[in-house]
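Structure data follow from work-v5.pdb (PDB, C-alpha atoms):
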```pdb
ATOM      1  CA  MET A 142     -10.553  -6.655 -20.139
ATOM      2  CA  THR A 143     -13.152  -8.598 -18.194
ATOM      3  CA  LEU A 144     -13.929  -8.907 -14.503
ATOM      4  CA  GLU A 145     -12.181 -12.286 -14.432
ATOM      5  CA  THR A 146      -8.945 -10.952 -15.889
ATOM      6  CA  VAL A 147      -8.952  -7.954 -13.550
ATOM      7  CA  LEU A 148      -9.491 -10.273 -10.577
ATOM      8  CA  LEU A 149      -6.716 -12.604 -11.770
ATOM      9  CA  VAL A 150      -4.259  -9.710 -11.946
ATOM     10  CA  ALA A 151      -5.429  -8.560  -8.509
ATOM     11  CA  ALA A 152      -4.924 -12.094  -7.150
ATOM     12  CA  ALA A 153      -1.397 -12.116  -8.578
ATOM     13  CA  LEU A 154      -0.621  -8.787  -6.892
ATOM     14  CA  VAL A 155      -1.998 -10.020  -3.550
ATOM     15  CA  SER A 156       0.021 -13.252  -3.787
ATOM     16  CA  VAL A 157       3.280 -11.494  -4.659
ATOM     17  CA  GLY A 158       2.670  -9.057  -1.811
ATOM     18  CA  LEU A 159       1.957 -11.929   0.571
ATOM     19  CA  TYR A 160       5.232 -13.569  -0.406
ATOM     20  CA  GLY A 161       7.069 -10.325   0.354
ATOM     21  CA  ALA A 162       5.287  -9.707   3.641
ATOM     22  CA  LEU A 163       6.079 -13.234   4.832
ATOM     23  CA  SER A 164       9.620 -13.602   3.576
ATOM     24  CA  GLN A 165      11.340 -10.249   3.907
ATOM     25  CA  GLN A 166      13.437  -9.315   6.901
ATOM     26  CA  VAL A 167      13.767  -5.576   6.424
ATOM     27  CA  VAL A 168      10.737  -3.740   7.822
ATOM     28  CA  VAL A 169      10.467  -1.442   4.800
ATOM     29  CA  MET A 170      10.441  -4.453   2.465
ATOM     30  CA  VAL A 171       7.658  -6.034   4.548
ATOM     31  CA  MET A 172       5.733  -2.780   4.102
ATOM     32  CA  MET A 173       6.292  -2.968   0.356
ATOM     33  CA  GLY A 174       4.712  -6.429   0.427
ATOM     34  CA  LEU A 175       1.718  -5.149   2.367
ATOM     35  CA  GLU A 176       1.323  -2.290  -0.089
ATOM     36  CA  LEU A 177       1.344  -4.653  -3.044
ATOM     37  CA  MET A 178      -1.429  -6.619  -1.319
ATOM     38  CA  ILE A 179      -3.464  -3.448  -0.829
ATOM     39  CA  ALA A 180      -2.843  -2.560  -4.491
ATOM     40  CA  GLY A 181      -4.373  -5.915  -5.399
ATOM     41  CA  VAL A 182      -7.375  -5.204  -3.196
ATOM     42  CA  LEU A 183      -7.759  -1.772  -4.817
ATOM     43  CA  LEU A 184      -7.660  -3.267  -8.295
ATOM     44  CA  ALA A 185     -10.168  -5.990  -7.382
ATOM     45  CA  LEU A 186     -12.530  -3.434  -5.849
ATOM     46  CA  GLY A 187     -12.143  -1.236  -8.935
ATOM     47  CA  GLY A 188     -13.037  -4.224 -11.104
ATOM     48  CA  PHE A 189     -16.063  -5.102  -8.979
ATOM     49  CA  TRP A 190     -17.180  -1.499  -9.100
ATOM     50  CA  TRP A 191     -16.855  -1.138 -12.852
ATOM     51  CA  PHE A 192     -18.103  -4.544 -13.966
ATOM     52  CA  LEU A 193     -20.843  -5.216 -11.402
ATOM     53  CA  SER A 194     -22.322  -2.056  -9.969
ATOM     54  CA  PRO A 195     -20.833   1.258 -11.066
ATOM     55  CA  ASP A 196     -22.522   3.573  -8.587
ATOM     56  CA  PRO A 197     -20.696   6.105  -6.370
ATOM     57  CA  SER A 198     -20.924   4.023  -3.148
ATOM     58  CA  GLY A 199     -18.341   1.574  -4.506
ATOM     59  CA  GLN A 200     -15.954   4.425  -5.227
ATOM     60  CA  VAL A 201     -16.304   5.610  -1.640
ATOM     61  CA  LEU A 202     -15.229   2.136  -0.509
ATOM     62  CA  LEU A 203     -12.164   2.404  -2.748
ATOM     63  CA  LEU A 204     -11.382   5.738  -1.133
ATOM     64  CA  VAL A 205     -11.520   4.071   2.298
ATOM     65  CA  VAL A 206      -9.062   1.382   1.153
ATOM     66  CA  LEU A 207      -6.740   4.136  -0.090
ATOM     67  CA  ALA A 208      -7.004   5.792   3.316
ATOM     68  CA  ALA A 209      -6.135   2.482   4.994
ATOM     69  CA  MET A 210      -3.071   2.299   2.782
ATOM     70  CA  THR A 211      -2.005   5.773   3.886
ATOM     71  CA  VAL A 212      -2.430   4.833   7.546
ATOM     72  CA  GLU A 213      -0.403   1.638   7.052
ATOM     73  CA  MET A 214       2.374   3.555   5.331
ATOM     74  CA  ALA A 215       2.621   6.358   7.894
ATOM     75  CA  THR A 216       2.385   4.089  10.942
ATOM     76  CA  GLY A 217       4.813   1.599   9.386
ATOM     77  CA  PHE A 218       7.450   4.271   8.834
ATOM     78  CA  ALA A 219       6.937   5.536  12.397
ATOM     79  CA  ILE A 220       7.350   2.026  13.855
ATOM     80  CA  ALA A 221      10.422   1.427  11.686
ATOM     81  CA  THR A 222      11.888   4.687  13.019
ATOM     82  CA  LEU A 223      11.148   3.642  16.602
ATOM     83  CA  LEU A 224      12.658   0.220  15.978
ATOM     84  CA  HIS A 225      15.767   1.742  14.511
ATOM     85  CA  ARG A 226      16.155   4.022  17.507
ATOM     86  CA  ARG A 227      15.570   1.318  20.115
ATOM     87  CA  ALA A 228      17.364  -1.627  18.524
ATOM     88  CA  GLY A 229      19.627   0.090  16.008
ATOM     89  CA  SER A 230      18.191  -2.168  13.371
ATOM     90  CA  ASP A 231      15.598  -2.249  10.660
ATOM     91  CA  MET A 232      15.125  -6.015  10.645
ATOM     92  CA  THR A 233      11.959  -7.792  11.731
ATOM     93  CA  ASP A 234      13.891 -10.654  13.364
ATOM     94  CA  MET A 235      15.419  -8.223  15.826
ATOM     95  CA  ALA A 236      12.007  -6.953  16.877
ATOM     96  CA  ALA A 237      10.947 -10.290  18.335
ATOM     97  CA  GLU A 238      10.122  -8.703  21.680
ATOM     98  CA  LEU A 239       7.023  -7.245  20.025
ATOM     99  CA  HIS A 240       5.291 -10.620  20.360
ATOM    100  CA  GLU A 241       6.618 -11.519  23.774
TER     101      GLU A 241
ATOM    102  CA  MET B 158     -13.629   9.149 -21.455
ATOM    103  CA  VAL B 159     -12.228   5.762 -22.298
ATOM    104  CA  GLU B 160     -14.492   2.960 -23.379
ATOM    105  CA  THR B 161     -13.869  -0.402 -21.751
ATOM    106  CA  SER B 162     -14.230  -2.461 -24.883
ATOM    107  CA  GLY B 163     -12.050  -2.634 -27.904
ATOM    108  CA  VAL B 164      -8.615  -3.883 -28.729
ATOM    109  CA  LEU B 165      -6.806  -0.747 -27.591
ATOM    110  CA  VAL B 166      -8.242  -0.918 -24.089
ATOM    111  CA  ASP B 167      -7.473  -4.623 -23.894
ATOM    112  CA  VAL B 168      -3.893  -4.055 -24.969
ATOM    113  CA  ALA B 169      -3.518  -1.167 -22.507
ATOM    114  CA  PHE B 170      -4.951  -3.302 -19.708
ATOM    115  CA  TRP B 171      -2.609  -6.205 -20.379
ATOM    116  CA  VAL B 172       0.366  -3.873 -20.551
ATOM    117  CA  CYS B 173      -0.674  -2.366 -17.190
ATOM    118  CA  ALA B 174      -1.262  -5.837 -15.746
ATOM    119  CA  ALA B 175       2.105  -7.151 -16.937
ATOM    120  CA  VAL B 176       3.937  -4.094 -15.591
ATOM    121  CA  ALA B 177       2.044  -4.185 -12.263
ATOM    122  CA  VAL B 178       2.695  -7.879 -11.611
ATOM    123  CA  GLY B 179       6.137  -8.032 -13.248
ATOM    124  CA  PHE B 180       7.557  -5.080 -11.345
ATOM    125  CA  GLY B 181       5.757  -6.315  -8.220
ATOM    126  CA  VAL B 182       7.771  -9.531  -8.489
ATOM    127  CA  LEU B 183      10.929  -7.544  -9.240
ATOM    128  CA  VAL B 184      10.521  -5.717  -5.901
ATOM    129  CA  PHE B 185      11.571  -8.909  -4.155
ATOM    130  CA  VAL B 186      14.013 -10.111  -6.781
ATOM    131  CA  VAL B 187      16.325  -7.121  -7.293
ATOM    132  CA  ASP B 188      19.227  -6.947  -4.910
ATOM    133  CA  SER B 189      19.033  -3.364  -3.708
ATOM    134  CA  MET B 190      16.391  -1.448  -1.868
ATOM    135  CA  ALA B 191      16.587   1.514  -4.241
ATOM    136  CA  ARG B 192      15.752  -0.689  -7.214
ATOM    137  CA  ALA B 193      12.978  -2.345  -5.200
ATOM    138  CA  THR B 194      11.555   1.104  -4.458
ATOM    139  CA  TYR B 195      11.511   2.083  -8.128
ATOM    140  CA  ALA B 196       9.999  -1.274  -9.083
ATOM    141  CA  LEU B 197       7.204  -0.816  -6.543
ATOM    142  CA  ALA B 198       6.564   2.717  -7.818
ATOM    143  CA  LEU B 199       6.242   1.430 -11.388
ATOM    144  CA  SER B 200       3.979  -1.393 -10.231
ATOM    145  CA  PHE B 201       1.692   1.106  -8.557
ATOM    146  CA  VAL B 202       1.689   3.466 -11.532
ATOM    147  CA  ALA B 203       0.529   0.503 -13.636
ATOM    148  CA  THR B 204      -2.166  -0.340 -11.075
ATOM    149  CA  GLY B 205      -3.302   3.285 -11.228
ATOM    150  CA  GLY B 206      -3.320   2.962 -15.026
ATOM    151  CA  ALA B 207      -5.558  -0.100 -14.835
ATOM    152  CA  LEU B 208      -7.929   1.831 -12.553
ATOM    153  CA  LEU B 209      -7.925   4.689 -15.084
ATOM    154  CA  LEU B 210      -8.991   2.221 -17.778
ATOM    155  CA  MET B 211     -12.050   1.500 -15.632
ATOM    156  CA  GLN B 212     -12.864   5.223 -15.684
ATOM    157  CA  GLN B 213     -11.712   5.775 -12.107
ATOM    158  CA  SER B 214      -9.999   9.003 -13.125
ATOM    159  CA  TYR B 215      -9.799  10.436  -9.611
ATOM    160  CA  LEU B 216      -8.755   7.298  -7.737
ATOM    161  CA  GLY B 217      -6.300   6.210 -10.430
ATOM    162  CA  VAL B 218      -4.519   9.560 -10.349
ATOM    163  CA  ILE B 219      -4.546   9.566  -6.518
ATOM    164  CA  VAL B 220      -2.905   6.111  -6.459
ATOM    165  CA  VAL B 221      -0.138   7.306  -8.787
ATOM    166  CA  LEU B 222       0.457  10.558  -6.866
ATOM    167  CA  MET B 223       0.416   8.826  -3.493
ATOM    168  CA  MET B 224       2.928   6.221  -4.547
ATOM    169  CA  VAL B 225       5.316   8.777  -6.019
ATOM    170  CA  MET B 226       5.201  10.622  -2.683
ATOM    171  CA  GLU B 227       5.694   7.414  -0.749
ATOM    172  CA  MET B 228       8.721   6.478  -2.783
ATOM    173  CA  ALA B 229      10.156   9.914  -1.969
ATOM    174  CA  VAL B 230       9.591   9.184   1.739
ATOM    175  CA  MET B 231      11.249   5.801   1.337
ATOM    176  CA  ALA B 232      14.272   7.417  -0.284
ATOM    177  CA  VAL B 233      14.559   9.789   2.689
ATOM    178  CA  TYR B 234      14.196   6.822   5.045
ATOM    179  CA  MET B 235      17.013   4.958   3.318
ATOM    180  CA  VAL B 236      19.319   7.964   3.461
ATOM    181  CA  MET B 237      18.449   8.526   7.137
ATOM    182  CA  PHE B 238      18.796   5.024   8.514
ATOM    183  CA  MET B 239      20.569   2.690   6.196
ATOM    184  CA  GLY B 240      23.780   4.683   6.154
ATOM    185  CA  MET B 241      24.811   3.549   2.724
ATOM    186  CA  ASN B 242      24.182   4.099  -0.913
ATOM    187  CA  PRO B 243      21.312   1.669  -1.255
ATOM    188  CA  ALA B 244      21.688   1.404  -5.014
ATOM    189  CA  LEU B 245      25.200   0.059  -4.623
ATOM    190  CA  MET B 246      24.649  -2.266  -1.703
ATOM    191  CA  PRO B 247      23.389  -5.666  -2.791
ATOM    192  CA  MET B 248      21.194  -7.352  -0.255
ATOM    193  CA  SER B 249      19.216 -10.507   0.107
ATOM    194  CA  MET B 250      17.510 -10.668   3.427
ATOM    195  CA  VAL B 251      14.772 -13.263   3.433
ATOM    196  CA  HIS B 252      13.551 -15.878   5.848
ATOM    197  CA  SER B 253      11.046 -18.746   5.520
ATOM    198  CA  HIS B 254      11.587 -18.530   1.776
ATOM    199  CA  ARG B 255       9.971 -21.794   0.669
ATOM    200  CA  TRP B 256       7.109 -21.448   3.103
ATOM    201  CA  ALA B 257       6.377 -17.930   1.824
ATOM    202  CA  ILE B 258       6.450 -19.080  -1.799
ATOM    203  CA  GLY B 259       4.066 -21.922  -0.937
ATOM    204  CA  ALA B 260       1.684 -19.569   0.863
ATOM    205  CA  ALA B 261       1.758 -17.112  -2.053
ATOM    206  CA  ALA B 262       1.146 -19.846  -4.652
ATOM    207  CA  THR B 263      -1.728 -21.301  -2.625
ATOM    208  CA  THR B 264      -3.271 -17.858  -2.225
ATOM    209  CA  PHE B 265      -3.030 -17.223  -5.966
ATOM    210  CA  LEU B 266      -4.607 -20.584  -6.774
ATOM    211  CA  LEU B 267      -7.459 -20.001  -4.333
ATOM    212  CA  LEU B 268      -8.176 -16.410  -5.389
ATOM    213  CA  GLY B 269      -7.607 -17.142  -9.078
ATOM    214  CA  SER B 270      -9.909 -20.138  -9.145
ATOM    215  CA  GLY B 271     -12.530 -18.076  -7.325
ATOM    216  CA  ALA B 272     -12.170 -15.301  -9.908
ATOM    217  CA  VAL B 273     -12.559 -17.714 -12.829
ATOM    218  CA  LEU B 274     -15.116 -20.173 -11.442
ATOM    219  CA  VAL B 275     -17.615 -17.911  -9.678
ATOM    220  CA  PRO B 276     -20.563 -17.051 -11.943
ATOM    221  CA  TRP B 277     -20.391 -13.285 -11.581
ATOM    222  CA  PRO B 278     -23.687 -11.444 -12.053
ATOM    223  CA  VAL B 279     -24.224  -9.056 -14.904
ATOM    224  CA  ARG B 280     -23.705  -5.351 -14.375
ATOM    225  CA  ARG B 281     -26.498  -3.473 -12.685
ATOM    226  CA  GLY B 282     -26.927   0.186 -13.526
ATOM    227  CA  ALA B 283     -24.663   2.428 -15.521
ATOM    228  CA  PRO B 284     -21.850   4.705 -14.369
ATOM    229  CA  ALA B 285     -22.625   8.360 -13.867
ATOM    230  CA  PRO B 286     -21.677  10.567 -16.825
ATOM    231  CA  ASP B 287     -18.949  12.111 -14.661
ATOM    232  CA  VAL B 288     -17.841   9.546 -12.080
ATOM    233  CA  THR B 289     -15.489  11.969 -10.311
ATOM    234  CA  ASP B 290     -18.321  14.445  -9.841
ATOM    235  CA  ALA B 291     -20.547  11.614  -8.576
ATOM    236  CA  LEU B 292     -17.854  10.525  -6.091
ATOM    237  CA  GLY B 293     -17.425  14.090  -4.837
ATOM    238  CA  ARG B 294     -21.152  14.450  -4.346
ATOM    239  CA  ALA B 295     -21.347  11.065  -2.589
ATOM    240  CA  ILE B 296     -18.648  11.877  -0.033
ATOM    241  CA  MET B 297     -20.072  15.319   0.597
ATOM    242  CA  GLU B 298     -23.721  14.270   0.710
ATOM    243  CA  SER B 299     -24.983  10.717   1.190
ATOM    244  CA  HIS B 300     -21.685   9.193   2.392
ATOM    245  CA  MET B 301     -20.422  12.094   4.435
ATOM    246  CA  LEU B 302     -20.116   9.861   7.509
ATOM    247  CA  VAL B 303     -17.279   8.039   5.749
ATOM    248  CA  MET B 304     -15.333  11.271   5.319
ATOM    249  CA  MET B 305     -16.158  12.299   8.877
ATOM    250  CA  ILE B 306     -14.546   9.087  10.109
ATOM    251  CA  VAL B 307     -11.627   8.999   7.676
ATOM    252  CA  GLY B 308     -10.668  12.578   8.614
ATOM    253  CA  PRO B 309     -10.137  11.892  12.356
ATOM    254  CA  VAL B 310      -8.397   8.603  11.511
ATOM    255  CA  MET B 311      -5.924  10.570   9.389
ATOM    256  CA  VAL B 312      -5.348  13.030  12.227
ATOM    257  CA  ALA B 313      -4.889  10.117  14.652
ATOM    258  CA  THR B 314      -2.342   8.663  12.228
ATOM    259  CA  ILE B 315      -0.382  11.919  12.262
ATOM    260  CA  VAL B 316      -0.400  11.868  16.085
ATOM    261  CA  VAL B 317       0.632   8.193  16.169
ATOM    262  CA  GLY B 318       3.416   8.842  13.684
ATOM    263  CA  VAL B 319       4.805  11.745  15.685
ATOM    264  CA  VAL B 320       4.485   9.959  19.046
ATOM    265  CA  LEU B 321       6.144   6.774  17.825
ATOM    266  CA  SER B 322       8.950   8.357  15.905
ATOM    267  CA  SER B 323       9.878  11.363  18.061
ATOM    268  CA  ALA B 324      13.058  10.802  19.989
ATOM    269  CA  ARG B 325      12.600  12.709  23.200
ATOM    270  CA  THR B 326       9.139  13.925  24.093
ATOM    271  CA  ARG B 327       8.094  15.737  27.267
ATOM    272  CA  TYR B 328       7.073  12.370  28.712
ATOM    273  CA  ASP B 329      10.629  11.120  28.282
ATOM    274  CA  ARG B 330      12.012  14.265  29.902
ATOM    275  CA  LEU B 331       9.490  14.833  32.699
ATOM    276  CA  GLY B 332       8.106  11.358  33.425
ATOM    277  CA  ASP B 333       4.708   9.828  32.721
ATOM    278  CA  ASP B 334       2.936  12.317  35.019
ATOM    279  CA  LEU B 335       5.096  15.234  33.872
ATOM    280  CA  ASP B 336       6.185  15.800  37.485
ATOM    281  CA  GLN B 337       9.889  14.916  37.294
ATOM    282  CA  PRO B 338      12.490  17.690  37.349
ATOM    283  CA  ALA B 339      13.737  18.727  33.947
ATOM    284  CA  ALA B 340      17.083  17.341  32.873
ATOM    285  CA  ASP B 341      20.083  19.550  33.217
ATOM    286  CA  PRO B 342      21.265  20.384  30.635
ATOM    287  CA  PRO B 343      17.782  20.304  29.107
ATOM    288  CA  GLN B 344      18.849  19.054  25.680
ATOM    289  CA  GLU B 345      20.915  16.184  27.004
ATOM    290  CA  VAL B 346      20.930  13.311  24.530
ATOM    291  CA  ARG B 347      20.184   9.996  26.093
TER     292      ARG B 347
END
```
Here is a file; write its structure as structure tokens.
Amino acid sequence: MTLETVLLVAAALVSVGLYGALSQQVVVMVMMGLELMIAGVLLALGGFWWFLSPDPSGQVLLLVVLAAMTVEMATGFAIATLLHRRAGSDMTDMAAELHE
Amino acid sequence: MVETSGVLVDVAFWVCAAVAVGFGVLVFVVDSMARATYALALSFVATGGALLLMQQSYLGVIVVLMMVMEMAVMAVYMVMFMGMNPALMPMSMVHSHRWAIGAAATTFLLLGSGAVLVPWPVRRGAPAPDVTDALGRAIMESHMLVMMIVGPVMVATIVVGVVLSSARTRYDRLGDDLDQPAADPPQEVR
């Protein structure tokens, strides 16, 4: 286990998540993609922390990323609920008015 | 505490890495949302495991616990809105498939080449004897501002979640300025 291998795994997680976030139509699946991306970021930050500068400040940054993940999850579920109520659907293509 | 050298740690890391990436890919390959949910949960447990190997005992465990809870929420969501047994309902709902694969591959090449080619500096300093204790002291002493900001953000998230997802709030019933007469009957479903 080296910093390079940890970062490679993190890059793979981010890429797979990006594929999901771009390609999926169901809102919950898009959220799964975003979460995989954040998992990659978490792993990369963990690697940086451990292999470059293992002092507590880095861990606090990881905690902030975890908090961002929680916010994304909770807000995403709330928006999906709203979308389902308004449009009777859980598909991103039917929420096109969001960008109009 | 685990050491980060040695064959055992390497093997454990590669197992975690393979599970994290493999099940991450499976999330978008399996044909039902229930299976995708389980695959994502396993992927996150493996990510938490990799963090544990880097002595992040607290954060690794938090990642695992959080994801188990989130998968429970997702199961509730599926039962509430999808109106079917998600494990039995095959689905393939993708758009811009090739474009997304291209973007993902390019991202991996860019990030991966950066990870391999950048001359990373050597480690400065050593971890505290008890990293969890050090983290607790940091967020309650020198980095308290972070917790003071994260706390209100969490509360704001709760408010946002309730406001967005509630069906019929007082603003729906009584107007934006709360000066409209109440509906009769009051619990009328729109």
When the PyMOL selection byres ((chain B and resi 257) around 9) is applied to the structure above, which residues does it catch, written out as a list of chain:residue names?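 Going through the file, the PyMOL selection byres ((chain B and resi 257) around 9) ends up selecting A:Leu159, A:Tyr160, A:Gly161, A:Ala162, A:Leu163, A:Ser164, B:His252, B:Ser253, B:His254, B:Arg255, B:Trp256, B:Ile258, B:Gly259, B:Ala260, B:Ala261, B:Ala262.
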Please produce a file of those selected residues containing C-alpha atoms, as a JSON list (two decimals), in the coordinates of the input.
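Okay, this is what ended up in result02.json:
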```json
[["chain", "number", "residue", "atom", "x", "y", "z"],
["A", 159, "LEU", "CA", 1.96, -11.93, 0.57],
["A", 160, "TYR", "CA", 5.23, -13.57, -0.41],
["A", 161, "GLY", "CA", 7.07, -10.32, 0.35],
["A", 162, "ALA", "CA", 5.29, -9.71, 3.64],
["A", 163, "LEU", "CA", 6.08, -13.23, 4.83],
["A", 164, "SER", "CA", 9.62, -13.60, 3.58],
["B", 252, "HIS", "CA", 13.55, -15.88, 5.85],
["B", 253, "SER", "CA", 11.05, -18.75, 5.52],
["B", 254, "HIS", "CA", 11.59, -18.53, 1.78],
["B", 255, "ARG", "CA", 9.97, -21.79, 0.67],
["B", 256, "TRP", "CA", 7.11, -21.45, 3.10],
["B", 258, "ILE", "CA", 6.45, -19.08, -1.80],
["B", 259, "GLY", "CA", 4.07, -21.92, -0.94],
["B", 260, "ALA", "CA", 1.68, -19.57, 0.86],
["B", 261, "ALA", "CA", 1.76, -17.11, -2.05],
["B", 262, "ALA", "CA", 1.15, -19.85, -4.65]]
```
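Here atom CA of Tyr234 of chain B and atom CA of Leu223 of chain A stand 12.4 Å from one another.
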Evaluate the PyMOL selection byres ((chain B) within 7 of (chain A)) on the structure here and hand back the selected residues as a ChimeraX atom specification. /B:167,170,174,178,181-182,185,204,208,211,250-254,257-258,261-262,264-265,268-269,272-273,278-284,291-292,295-296,311,314,317-318,321-322
For Val202 of chain B: contacts at 8 Å, all atoms listed in the file, fewer than 6 positions along chain excluded, given as a short mmCIF file (atom, residue, chain, number, x, y, z; two decimals) with C-alpha atoms, keeping the file's coordinate frame:
```
data_model
loop_
_atom_site.label_atom_id
_atom_site.label_comp_id
_atom_site.auth_asym_id
_atom_site.auth_seq_id
_atom_site.Cartn_x
_atom_site.Cartn_y
_atom_site.Cartn_z
CA ALA B 177 2.04 -4.18 -12.26
CA VAL B 220 -2.90 6.11 -6.46
CA VAL B 221 -0.14 7.31 -8.79
CA MET B 224 2.93 6.22 -4.55
#
```
Neighbour residues at most 9 Å from (10.0, -1.5, -7.8) (all atoms listed in the file) as number ranges by chain: B: 180-185, 187, 190-201
re atom CA of Val218 of chain B and atom CA of Val182 of chain A: distance 16.7 Å
d(atom CA of Gly217 of chain B, atom CA of Thr263 of chain B) in Å: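 It comes out at 29.0 Å.
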I would like the residues chosen by the PyMOL selection byres ((chain B and resi 166) around 12) on the shown file; could you give them as an NGL selection string? (:A and (142-143)) or (:B and (158-165 or 167-174 or 206-212))
All file atoms of segment 167-178 of chain A boxed axis-aligned, 6 Å per side, centre plus edges, as AutoDock Vina command-line options:
```
--center_x 6.2 --center_y -4.0 --center_z 2.4 --size_x 27.2 --size_y 17.2 --size_z 22.9
```
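For the choices B:Ala232, B:Met297, B:Gln213, B:Ala203, the atom-to-atom distance to Ala285 of chain B is smallest for B:Gln213 when using only C-alpha atoms.
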